[in-house]
Amino acid sequence: MIEEIVISGLILGGLYALLSLGFSLIRGVARIMNLAHGALYMLTAYLIYSLLYLGLGTAIIISLVLIVLITLIIYKLLIGPMREKEAKAALVTLALALVFQESVKLIWGPEFKSIPYLISGYVTLLGVRVVSQKLLALVAAAGLVLVLWFFVMRTKIGKGIRAVAQNMEVARLVGINIRRVFMISMGLSALLAGLAAVFFAPLYVVSPTQWTILFQAFPVIVLGGLGSLKGSFIASFVMSFIEKIVEFYVAGGYAAGVVSFVIMAVILLVRPTGLFGKSRSGGGSGF
Amino acid sequence: MSFGTYLKEIFSSRRNLVIVLLILLLFIPALTRDHYILTILIFANIFAVFGASWDILAGVIGIFSFGQAFFFGGAGYISALLNVELGLPPLMTIPLGGACGVIVGLVFGLPSLRLKGPYFTIMSLLFPTTVMALIYMFPSLSGGEAGIYGLAPISNDIAVTYLASLFLMLGSIFVLMKIASSRLGLIFRSIRDDADTAEATGINTTKYKFLSFAISGLFAGLAGAFQAHFLMSISPSIFNPVNSFNAILYAALGGMGTIFGSVGGAFIMSILNEALRGIAEFRVLIYAIAMMLVFRYLPEGIFRRVGRHFNFRLGIWGEVKKLRRSRHGSNS
């Protein structure tokens, strides 16, 4: 029981971390609330599923390239020009998520699909048998978070990203090409959603409504505070463990959703900018 | 005066146009009792109220909610329970549904009031889906996945139901437009345009935001309760984000901030909905694409856009008439 909770909590936390980091990244940098972020995760899983005949490795690489390209094209045509009107842009991304959902339903059908594990077999850890894929997903999530942290904190482009997140106008004044920073962040965020699908989608079902996993991750994003890398990471595991404990000991998956909503509502009542959020508008000074 | 110029005269003012349309809508049951046509129009009336209830929040006071289905479905569920469990007639449960809509609106407003931007969006998106989870959790009370059915119909005569929906729509739109053009509406719009300045001029923005949630909840609640009785059932899918999305589409298509725009938006979408019946699996897709196109290319709404296009004719007639009238007035 306990080990079950620990493992599934860690896995869910890893997925939350990847999704909320990608979501927070583009929101913190370009002030775009991308409600289609979960749909990118779902779409990548479907792309891998339909390219499987090329072999798993090739399918994954092509899918990741495709998802980044699709995202950048959508950003250029649709979201970018509306960036200034935040609520309306968010609505357009929600419409986009529905477009993805319905297209996937039309192309691949409404029934559940699954994509294969990257590695098979079990590993025995402290006397508990763990599916290797779960372990791999967890290691990958930790690795990706570290790589992202390194990229944002230690590279020149990362410095640009942080500068734009902190103050867009000043960043523009000192000569940073903010449009390019937006494009890079958008691509990076799509890549994170895609990689989340590569490692975590095999552990869950693949279905057209799977994009609503983003809704499930919202309490994490609020708890972590938008635009705070560290906050999102800690919050992911705190919330996933709370949810799993409620799910196992109290009353199933629906109760977990309700409890995390109540936690979120209470946090927002006390602190309207989330627990780790700093600025009132949710701007990303944490990057 | 020939008949042609007489027609032009009538359609040169918006007021006359509205009166002609009203008479047409009132006499539709006399023209046809076709179940199919009246059903489409009843839905259009319900959706118009639902869209307008979102518009008073988003278009007038500037609270861009993604969770309008929470008001609509919440009040619908409560009135369904009142009807099925306590046996209250629709004539009581629908107004009570509106009253519950006010409470539901305040419940929504309480944690969301101080939130800004993305935090409010998140909160408003999660409210309806959380209620959906609660319904699944307590199936004995809420009917679970199957929902509640066996509600009393509004009337066995579809024409009566149509007229009831028409009066609901006209009354709601009239009240909402009065609110929007009153002093209260002015305060709302000042909050929308600049909440900090409004606060600085002594407006208690918290109080007015609460009030706007209550108003929005009232009308969304009336519409939700009406729909529950019209369909004689209600299911948890009413809390689906797509449903909130529809309210936004009606209002945005017609023109945000106009209130009456959502009537046009709702009628257009209801008729389109029937036209697309043969390809029902494309419906949500087409709705979503329509939404993207409206917000990207038609932010002022279809009527203001078309009006601007035909301004050359409609506008000039209107202006000439106004000019003539004012000169006439000043001379005499």
# chains A, B, ... in the order shown; residues from 1 in each chain; ligands from 1

$ select_by_dssp --residues "segment 92-318 of chain B" --states "helix (DSSP H, G or I)" --output "ChimeraX atom specification"
/B:92-112,117-137,139-142,144-146,158-181,183-193,195-200,205-231,236-239,241-254,261-275,277-297,302-309,311-318

$ residues_around --residues "segment 2-12 of chain A" --least-positions-apart "6" --cutoff "8 Å" --atoms "only C-alpha atoms" --output "mmCIF file with C-alpha atoms, in the first residue's frame"
data_model
loop_
_atom_site.group_PDB
_atom_site.id
_atom_site.type_symbol
_atom_site.label_atom_id
_atom_site.label_comp_id
_atom_site.auth_asym_id
_atom_site.auth_seq_id
_atom_site.Cartn_x
_atom_site.Cartn_y
_atom_site.Cartn_z
ATOM 1 C CA VAL A 128 9.720 -3.733 -4.099
ATOM 2 C CA LYS A 134 8.269 4.036 -14.240
ATOM 3 C CA ALA A 137 10.167 8.192 -16.459
ATOM 4 C CA LEU A 138 11.091 9.454 -13.029
ATOM 5 C CA PHE A 237 5.367 16.371 -5.700
ATOM 6 C CA SER A 240 0.762 14.414 -6.310
ATOM 7 C CA PHE A 241 1.349 12.810 -2.904
ATOM 8 C CA GLU A 243 -3.806 13.332 -4.311
ATOM 9 C CA LYS A 244 -2.515 9.772 -4.157
ATOM 10 C CA ILE A 245 -3.040 9.560 -0.401
ATOM 11 C CA PHE A 248 -5.958 5.385 -1.833
#

$ closest_atom_pairs --of "chain B" --to "chain A" --cutoff "7 Å" --atoms "only C-alpha atoms" --output "CSV"
residue,atom,partner,partner_atom,distance
B:Phe64,CA,A:Ala87,CA,6.5
B:Pro111,CA,A:Leu269,CA,5.5
B:Arg114,CA,A:Pro272,CA,6.3
B:Leu115,CA,A:Pro272,CA,5.4
B:Lys116,CA,A:Ser281,CA,6.4
B:Gly117,CA,A:Ser281,CA,6.5
B:Pro118,CA,A:Met33,CA,6.8
B:Ile122,CA,A:Phe218,CA,6.6
B:Leu126,CA,A:Phe215,CA,7.0
B:Thr130,CA,A:Val258,CA,5.7
B:Ala133,CA,A:Tyr254,CA,5.2
B:Met137,CA,A:Tyr254,CA,6.4
B:Val284,CA,A:Glu102,CA,6.9
B:Leu285,CA,A:Val99,CA,5.3
B:Ala288,CA,A:Ala95,CA,4.8
B:Ile289,CA,A:Val99,CA,6.9
B:Met291,CA,A:Ala95,CA,6.5
B:Met292,CA,A:Val92,CA,5.3
B:Phe295,CA,A:Lys88,CA,7.0

$ write_last_selection --atoms "C-alpha atoms" --output "PDB file, in the first residue's frame"
ATOM      1  CA  PHE B  64     -13.445  37.127 -18.350  1.00  0.00           C
ATOM      2  CA  PRO B 111     -12.601  32.813  -3.776  1.00  0.00           C
ATOM      3  CA  ARG B 114      -9.193  39.074  -5.567  1.00  0.00           C
ATOM      4  CA  LEU B 115      -7.636  36.928  -8.274  1.00  0.00           C
ATOM      5  CA  LYS B 116      -6.128  38.437 -11.345  1.00  0.00           C
ATOM      6  CA  GLY B 117      -5.307  37.221 -14.815  1.00  0.00           C
ATOM      7  CA  PRO B 118      -4.158  33.630 -15.008  1.00  0.00           C
ATOM      8  CA  ILE B 122      -7.560  28.717 -13.638  1.00  0.00           C
ATOM      9  CA  LEU B 126     -11.792  24.327 -12.415  1.00  0.00           C
ATOM     10  CA  THR B 130     -14.875  20.073  -9.658  1.00  0.00           C
ATOM     11  CA  ALA B 133     -16.325  15.285  -9.828  1.00  0.00           C
ATOM     12  CA  MET B 137     -18.751  11.071  -5.977  1.00  0.00           C
ATOM     13  CA  VAL B 284     -17.387  20.808 -31.602  1.00  0.00           C
ATOM     14  CA  LEU B 285     -14.585  21.152 -34.132  1.00  0.00           C
ATOM     15  CA  ALA B 288     -13.887  25.707 -31.777  1.00  0.00           C
ATOM     16  CA  ILE B 289     -12.668  26.939 -35.153  1.00  0.00           C
ATOM     17  CA  MET B 291     -14.323  30.688 -31.761  1.00  0.00           C
ATOM     18  CA  MET B 292     -10.734  31.113 -32.909  1.00  0.00           C
ATOM     19  CA  PHE B 295     -11.554  36.289 -31.551  1.00  0.00           C
TER      20      PHE B 295
END

$ atom_distance --atom1 "atom CA of Ile62 of chain A" --atom2 "atom CA of Ile48 of chain A"
8.2 Å

$ atom_distance --atom1 "atom CA of Val29 of chain A" --atom2 "atom CA of Ile178 of chain A"
9.4 Å

$ residues_around --residues "Gly98 of chain B" --least-positions-apart "4" --cutoff "6 Å" --atoms "only C-alpha atoms" --output "MDAnalysis selection string"
chainID B and resid 218 221:222

$ residues_around --residues "Asn204 of chain B" --least-positions-apart "5" --cutoff "12 Å" --atoms "only C-alpha atoms" --output "mmCIF file with N, CA and C atoms, in the first residue's frame"
data_model
loop_
_atom_site.group_PDB
_atom_site.id
_atom_site.type_symbol
_atom_site.label_atom_id
_atom_site.label_comp_id
_atom_site.auth_asym_id
_atom_site.auth_seq_id
_atom_site.Cartn_x
_atom_site.Cartn_y
_atom_site.Cartn_z
ATOM 1 N N ILE B 187 -20.695 52.247 -13.727
ATOM 2 C CA ILE B 187 -19.705 51.866 -12.717
ATOM 3 C C ILE B 187 -18.997 50.587 -13.148
ATOM 4 N N PHE B 188 -19.795 49.614 -13.628
ATOM 5 C CA PHE B 188 -19.214 48.359 -14.107
ATOM 6 C C PHE B 188 -18.160 48.632 -15.170
ATOM 7 N N SER B 190 -16.531 51.333 -15.756
ATOM 8 C CA SER B 190 -15.345 52.033 -15.248
ATOM 9 C C SER B 190 -14.396 51.037 -14.586
ATOM 10 N N ILE B 191 -14.969 49.994 -13.945
ATOM 11 C CA ILE B 191 -14.121 48.955 -13.344
ATOM 12 C C ILE B 191 -13.425 48.158 -14.438
ATOM 13 N N ALA B 195 -9.619 49.287 -13.135
ATOM 14 C CA ALA B 195 -10.116 48.979 -11.789
ATOM 15 C C ALA B 195 -9.455 49.863 -10.731
ATOM 16 N N ASP B 196 -8.160 50.158 -10.905
ATOM 17 C CA ASP B 196 -7.451 50.943 -9.888
ATOM 18 C C ASP B 196 -7.977 52.373 -9.833
ATOM 19 N N THR B 197 -8.208 52.966 -11.014
ATOM 20 C CA THR B 197 -8.754 54.321 -11.043
ATOM 21 C C THR B 197 -10.154 54.349 -10.450
ATOM 22 N N ALA B 198 -10.947 53.323 -10.795
ATOM 23 C CA ALA B 198 -12.301 53.256 -10.240
ATOM 24 C C ALA B 198 -12.233 53.214 -8.720
ATOM 25 N N GLU B 199 -11.320 52.397 -8.208
ATOM 26 C CA GLU B 199 -11.147 52.293 -6.759
ATOM 27 C C GLU B 199 -10.747 53.651 -6.175
ATOM 28 N N LYS B 209 -18.156 43.932 -7.989
ATOM 29 C CA LYS B 209 -17.828 42.650 -8.620
ATOM 30 C C LYS B 209 -18.731 41.552 -8.079
ATOM 31 N N PHE B 210 -18.945 41.583 -6.754
ATOM 32 C CA PHE B 210 -19.860 40.611 -6.152
ATOM 33 C C PHE B 210 -21.241 40.724 -6.784
ATOM 34 N N LEU B 211 -21.686 41.979 -6.924
ATOM 35 C CA LEU B 211 -23.001 42.232 -7.509
ATOM 36 C C LEU B 211 -23.072 41.668 -8.926
#

$ residues_around --residues "segment 148-150 of chain B" --least-positions-apart "5" --cutoff "7 Å" --atoms "only C-alpha atoms" --output "PyMOL selection string"
chain B and resi 142-143+232-235

$ closest_residue --among "B:Phe108, B:Glu145, B:Leu26, B:Ala152" --to "Leu231 of chain B" --atoms "only C-alpha atoms"
B:Ala152

$ atom_distance --atom1 "atom CA of Pro89 of chain B" --atom2 "atom CA of Val104 of chain B"
21.4 Å

$ residues_around --residues "segment 154-159 of chain A" --least-positions-apart "2" --cutoff "10 Å" --atoms "only C-alpha atoms" --output "ChimeraX atom specification"
/A:148-152,161-165,176,180-181,184-185,287

$ residues_around --residues "Val205 of chain A" --least-positions-apart "2" --cutoff "8 Å" --atoms "only C-alpha atoms" --output "ChimeraX atom specification"
/A:112-114,201-203,207,210
